[in-house]
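As structure tokens, the structure follows; a few thoughts come after it.
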Amino acid sequence: MLALERALLRGFLSAAESLEWKQGEVAGAESGSLLQLMFDGKYEAIFSNSAICNVFSVSSVTEENIDAFLEKQILAYLDCSAEADNVERQRLIFLLGVGSLQLFVQSNWTGPPVQLNLQDFLPPPLLQKFCEPKVLHATILKMLVLDGESVYTLTSHPILLLIARIILVNSRHKLASLQTLSWWTLRCVNIHQQLLEERSPELFTLAQTCIKQVTEAEALFTSGESWHLAVQFHLECAYTFLFYYEYKKAKQCFNMAKDITKLQINLTGALGKRTRFQEKYVAQLILDVQRTDEFILPHSELSPAPTPLESLTINYDLNDDTVLNEIKLADADQYQIPDLCAEELAVILGICIDFQKNNPIHKLTEEELLAFTSCLLSQPKFWAIQTSALLLRTKLEKGSTRRMERAMKQTQNRNLHNKVLSHDSVLNKLKKTVYIPYLQSYLEFLIFQRQLASLLFELGCTSSALQIFEELEMWEDAVICYERAGQHGKAEEILRRELEKKETPGLYCLLGDVLKDHQYYDKAWELSRHRSARAQRSKGLLHLRNREFRECVECFERSVQINPMQLGVWFSLGCAYIALEGYEGAAKAFQRCVTLEPDNAEAWNNLSTAYIRLKQKIKAFRTLQEALKCNYEHWQIWENYLLTSTDVGEFSEAIKAYHRLMDLREKYKDTQVLAILVRAVVDGMADRAGDAASGLKGKLQELLGRVTSRVTNDGTIWRLYAQLYGNGENDNGEDIEKSLQCLTKAHKCEVQSSDWEKDVSSFKEVVKGAIEIAHVAIKCSKNKSNHQEALQILSSARLNLRGLSSKAKQLFIDVTSNEVHSEIADEVTAMDNMIAELQELSNQLRDQC
């Protein structure tokens with residue numbers, strides 16, 4: 001049976017498996033006929049099977065809820081059997097769950113449309129409780145709500161997902177004989193999550209449990225024929241982790257899938273031409289894909305067969321008068337991509353999506369992603385992969401004036417579904433790739449339509465965009481469209497019109513967004529019976545906009561209590577706590593942010609701010625290190641890192657941070673930090689590790705040399721530079737000369753500032769600096785073997801002092817006594833004495849010449 005379960009996961013039987021199965025005992029059982037229907041892609045026929053009809057046939061219904069009835073009947077069917085018959089019944093119910101899930105995917109993703117009548121398998125007494133199909137549809141959608149997050153209203157045949165969930169999730173403890181049950185439960189969880197507005201913690205917890213159980217089921221992947229399934233499983237796990245912000249785990253899974261396929265996937269440069277009129281070949285970015293050591297994947301018959309070309313989504317040519325449709329390489333043979341199978345292409349697509357999620361929105365990132373899409377589209381084989389690559393390319397090209405027309409044409413391409421819907425013969429081929437929706441969730445036709453509407457709106461075709469949004473019942477997008485167009489009244493009108501048809505928490509929240517009125521959020525909250533995370537989220541954001549932080553915190557706390565996986569709400573909650581100076585709450589909120597999204601640089605930065613306020617500076621230092629890993633270009637984060645490093649005694653890191661800040665901001669300066677660093681090095685202070693900071697003298701000299709080369713007019717920095725060289729007090733001749741140069745430049749900066757000579761205290765500081773220069777000049781002159789150089793140094797210092805002395809006698813003279821003011825008399829005397837000393841030394845040097 002395990003071989004058949006593997007084939008069911010894969011979606012088809014190989015020729016050998018088909019022959020073996022027909023000779024086995026399962027083929028003759030009732031579950032065998034169901035299995036055959038599933039391999040044939042005839043999922044609707046499952047519900048006409050007599051055994052399945054017997055599961056739900058009753059004369060009267062006592063349960064009020066349809067989900068309670070379905071679960072009761074399924075459990076009763078599993079319990080009411082002899083031990084020998086129990087395994088067969090488990091198979092039947094399991095196949096019903098899998099078939100329901102596959103049929104739901106067909107109805108909402110791959111097509112063709114599902115013609116399923118509930119009257120064919122559900123008892124009339126149950127259906128009589130619902131006067132209209134719309135009421136039944138709305139009731140089932142409510143049953144699929146999780147963690148306060150509503151389900152997309154245009155979901156087709158939600159009863160199928162409800163049945164799949166009851167069997168594969170709620171009743172899985174009764175299906176112990178099925179070895180692949182956890183994998184199908186994971187698929188059910190992923191499909192359910194795609195229908196919810198926000199991420200569900202309940203579903204994520206269940207998904208993690210399923211992944212662990214499948215990983216531990218060694219029998220699934222032990223045979224040599226199971227490598228296809230191993231790749232498939234790792235990709236499904238990767239997409240699950242990626243969706244729930246577990247980026248590191250996702251990357252590990254993608255890499256494991258890549259390692260199994262033995263592919264080498266690298267972005268590289270190659271000479272080529274991009275335009276029609278380009279004469280010379282220049283470097284172009286391409287994706288180089290090669291197999292390791294000519295490795296050929298075994299059991300190719302277990303890989304899905306390619307989709308017929310006429311059923312693939314059309315890849316439109318660019319048809320531009322300048323830009324080529326694709327890069328023309330100078331040596332195309334050197335970068336020839338091997339013939340890839342479905343799993344290998346899925347791995348490349350997965351690595352592309354992972355790359356997109358882990359890199360910032362930037363022109364370079366777009367070029368790198370386009371290299372991936374070009375590679376995938378160069379081998380048009382599988383509908384799902386082709387469609388995913390085209391969707392991504394369209395998103396990337398819509399901002400380019402030369403490619404926007406193709407982006408528009410691609411999104412308008414109804415071939416995406418029409419070919420699939422009109423060819424039943426093609427359907428069976430597509431069933432072989434039906435697992436792709438479990439890998440890549442962005443395949444819905446609705447997504448293409450939504451992207452088309454967004455593109456139309458950006459081009460100014462507002463009415464066409466609105467028409468699409470309204471057809472899709474994407475009211476939030478429609479409201480945003482009206483709001484951007486300045487038609488606030490229209491936005492309110494459309495929402496009130498829909499509320500007249502049916503009141504829902506989501507519509508009231510949107511009305512509150514439009515009118516900026518709390519009463520509509522309160523109405524949504526009451527209507528949801530206090531289970532709408534969206535209502536409290538929106539109410540909190542309105543409070544935040546109005547700077548009502550206390551009320552804002554209360555709303556956000558209620559929202560994350562219902563659904564803890566709201567990244568934006570945790571971030572806003574942390575900001576509100578900081579505004580209220582509730583730093584413990586802020587630290588908790590931002591900690592949840594970085595747990596959900598480890599690459600959120602702003603959250604790491606804000607978390608460090610909270611830790612600083614809580615006097616937890618070491619934690620702040622470590623969180624800033626994480627922030628810089630996420631965003632190396634954010635100068636404010638680097639500034640925080642500089643200050644925190646200095647504060648905790650990480651002087652080496654502070655020097656690195658200062659260098660980086662100068663890379664980002666050419667004339668950046670922070671004299672306080674430089675003063676602390678100079679004092680630490682000069683005094684030999686111990687850093688955080690206990691090592692003497694004096695060992696950083698060379699690095700700090702290099703930093704100050706760089707700073708003074710850019711900031712030349714700050715006397716304080718020049719004095720710090722001189723202090724680092726000893727202020728002329730040590731015995732090293734080079735250091736003394738360097739100190740003299742720095743002090744001289746510091747003095748020039750001081751005398752160039754305005755009004756220093758009018759203020760007595762400022763004048764005295766300048767005099768003090770000039771006298772210090774004179775002392776260092778004397779010491780420097782004594783180290784000079786060339787008397788002329790020594791004489792020049794002394795003369796420069798003497799002239800400087802003479803000028804200051806003359807200015808003091810002019811500005812600070814008592815008119816009556818014709819004497820210098822007493823408050824500056826001592827400085828004038830000191831200058832005159834120093835001038836005399838310098839004159840005497842100069843005379844001695846002249847006598848020696």
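Lettering and numbering for the structure tokens are positional, with chains as A, B, ... in the shown order, residues counted from 1 in each chain, and ligands counted from 1 in the shown order.
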With only C-alpha atoms as the counted atoms, please give the residues lying no more than 8 Å from A:Cys341, apart from itself and same-chain residues fewer than 2 positions off, as a tab-separated table (two decimals) with N, CA and C atoms, in the first residue's frame.
chain	number	residue	atom	x	y	z
A	303	SER	N	8.89	11.02	-12.90
A	303	SER	CA	8.76	12.48	-12.96
A	303	SER	C	7.58	12.84	-13.86
A	304	PRO	N	6.82	13.89	-13.55
A	304	PRO	CA	5.64	14.24	-14.35
A	304	PRO	C	5.99	14.47	-15.81
A	339	ASP	N	18.69	19.64	-20.24
A	339	ASP	CA	17.25	19.37	-20.29
A	339	ASP	C	16.77	19.01	-18.88
A	343	GLU	N	10.95	18.36	-11.36
A	343	GLU	CA	11.48	18.62	-10.03
A	343	GLU	C	12.63	19.61	-10.07
A	344	GLU	N	13.47	19.50	-11.09
A	344	GLU	CA	14.62	20.42	-11.20
A	344	GLU	C	14.16	21.85	-11.47
A	345	LEU	N	13.18	21.99	-12.36
A	345	LEU	CA	12.65	23.32	-12.63
A	345	LEU	C	11.96	23.90	-11.39
Fewer than 3 positions away in the same chain doesn't count, so skip those; otherwise give me all residues within 9 Å of A:Phe651, counting only C-alpha atoms, as a list in words.
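Here the qualifying residues turn out to be Ser645, Thr646, Asp647, Val648, Ala654, Ile655, Lys656, Leu677, Ala680, Asp687, Arg688, Ala693 and Leu696 of chain A.
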For stretch 208-212 of chain A, find every residue with an atom within 10 Å (counting only C-alpha atoms), except residues of its own chain fewer than 3 positions away, and show them as an MDAnalysis selection string.
chainID A and resid 181:187 189 203:205 215:217 233:234 236:237 240:241
Counting only C-alpha atoms, figure out which residue out of A:Lys501, A:Arg403, A:Arg172, A:Lys129 gets nearest to A:Leu78.
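The closest residue to A:Leu78 is A:Arg172.
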Would you pick out the contacts of A:Gln115 at 10 Å or less, using only C-alpha atoms, so that residues sharing its chain but fewer than 3 positions from it are not included, and give the list as an MDAnalysis selection string?
chainID A and resid 44 107 112 118 157
Those residues you just picked out, can you put them in a file as a PDB file, in the first residue's frame with N, CA and C atoms?
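And here is the file that came out, selection-v6.pdb:
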ATOM      1  N   GLU A  44     -14.731  14.070  -9.105  1.00  0.00           N
ATOM      2  CA  GLU A  44     -16.168  14.257  -8.851  1.00  0.00           C
ATOM      3  C   GLU A  44     -16.877  12.921  -8.722  1.00  0.00           C
ATOM      4  N   SER A 107     -11.073  23.089  -8.443  1.00  0.00           N
ATOM      5  CA  SER A 107     -12.137  24.085  -8.537  1.00  0.00           C
ATOM      6  C   SER A 107     -11.606  25.506  -8.405  1.00  0.00           C
ATOM      7  N   PRO A 112     -10.694  22.086 -14.700  1.00  0.00           N
ATOM      8  CA  PRO A 112     -11.873  22.834 -15.150  1.00  0.00           C
ATOM      9  C   PRO A 112     -12.892  23.027 -14.035  1.00  0.00           C
ATOM     10  N   LEU A 118     -24.465  18.878  -4.026  1.00  0.00           N
ATOM     11  CA  LEU A 118     -24.426  18.372  -2.658  1.00  0.00           C
ATOM     12  C   LEU A 118     -25.542  17.365  -2.416  1.00  0.00           C
ATOM     13  N   HIS A 157     -16.844  26.030  -3.939  1.00  0.00           N
ATOM     14  CA  HIS A 157     -17.080  24.744  -3.276  1.00  0.00           C
ATOM     15  C   HIS A 157     -16.298  24.580  -1.969  1.00  0.00           C
TER      16      HIS A 157
END
So which residues touch stretch 34-43 of chain A within 6 Å, counting only C-alpha atoms, skipping near sequence neighbours fewer than 3 positions away, as a list in words?
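Non-adjacent residues within range: Phe12, Ser31, Ile46, Gly99, Leu103 and Asn428 of chain A.
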Take the residues from that selection and write them out as an mmCIF file, in the first residue's frame, keeping N, CA and C atoms.
data_model
loop_
_atom_site.group_PDB
_atom_site.id
_atom_site.type_symbol
_atom_site.label_atom_id
_atom_site.label_comp_id
_atom_site.auth_asym_id
_atom_site.auth_seq_id
_atom_site.Cartn_x
_atom_site.Cartn_y
_atom_site.Cartn_z
ATOM 1 N N PHE A 12 0.283 10.221 -10.052
ATOM 2 C CA PHE A 12 0.103 9.292 -11.166
ATOM 3 C C PHE A 12 0.899 8.018 -10.899
ATOM 4 N N SER A 31 -11.857 0.439 -2.052
ATOM 5 C CA SER A 31 -10.899 1.546 -2.065
ATOM 6 C C SER A 31 -10.098 1.554 -3.363
ATOM 7 N N ILE A 46 -15.941 10.377 -7.272
ATOM 8 C CA ILE A 46 -15.764 9.795 -5.936
ATOM 9 C C ILE A 46 -17.039 9.945 -5.115
ATOM 10 N N GLY A 99 -9.321 13.118 -2.083
ATOM 11 C CA GLY A 99 -10.099 13.471 -3.271
ATOM 12 C C GLY A 99 -10.803 14.802 -3.122
ATOM 13 N N LEU A 103 -10.076 17.957 -5.472
ATOM 14 C CA LEU A 103 -11.183 18.554 -6.213
ATOM 15 C C LEU A 103 -11.323 20.037 -5.865
ATOM 16 N N ASN A 428 -5.894 15.313 -17.626
ATOM 17 C CA ASN A 428 -5.181 14.200 -17.006
ATOM 18 C C ASN A 428 -3.678 14.445 -16.981
#
Atomic separation - atom CA of A:Asp293 relative to atom CA of A:Gln232, Å
22.8 Å
8 Å contact set for stretch 516-526 of chain A, only C-alpha atoms, chain neighbours under 6 positions out, as a PDB file with C-alpha atoms, in the first residue's frame:
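Once everything was written out, this is part.pdb:
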ATOM      1  CA  THR A 504     -19.747  41.379   7.455  1.00  0.00           C
ATOM      2  CA  PRO A 505     -16.966  42.447   9.847  1.00  0.00           C
ATOM      3  CA  GLY A 506     -14.601  42.974   6.905  1.00  0.00           C
ATOM      4  CA  TYR A 508     -17.473  47.424   8.363  1.00  0.00           C
ATOM      5  CA  CYS A 509     -13.701  47.595   8.879  1.00  0.00           C
ATOM      6  CA  SER A 532     -12.097  39.765  14.462  1.00  0.00           C
ATOM      7  CA  ALA A 535     -11.372  45.055  13.656  1.00  0.00           C
ATOM      8  CA  GLN A 536      -9.041  45.674  16.600  1.00  0.00           C
ATOM      9  CA  SER A 538      -7.810  48.801  12.236  1.00  0.00           C
ATOM     10  CA  LYS A 539      -9.160  50.522  15.351  1.00  0.00           C
ATOM     11  CA  LEU A 542      -6.705  54.854  13.788  1.00  0.00           C
TER      12      LEU A 542
END
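Residues in contact with A:Ala76 at up to 12 Å, not including ones fewer than 2 positions away on its chain and judged by only C-alpha atoms, are Asn54, Val55, Phe56, Ser57, Val58, Phe69, Leu70, Glu71, Lys72, Gln73, Ile74, Leu78, Asp79, Cys80, Ser81, Asn86, Arg89, Gln90, Ile93, Ser171 and Lys174 of chain A.
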Would you tabulate, counting only C-alpha atoms, all residues of stretch 597-635 of chain A that have an atom at most 10 Å from an atom of stretch 562-571 of chain A, showing the closest pair of atoms and their distance in Å to one decimal, sorted by chain then ascending number, as a tab-separated table?
residue	atom	partner	partner_atom	distance
A:Glu597	CA	A:Leu567	CA	7.6
A:Asn600	CA	A:Leu567	CA	9.9
A:Glu602	CA	A:Phe571	CA	9.1
A:Ala603	CA	A:Phe571	CA	6.8
A:Asn606	CA	A:Phe571	CA	9.1
A:Leu607	CA	A:Phe571	CA	9.9
Using only C-alpha atoms: which of A:Ala825, A:Cys575, A:Ala238, A:Ala586 has the shortest distance to A:Arg613
A:Ala586
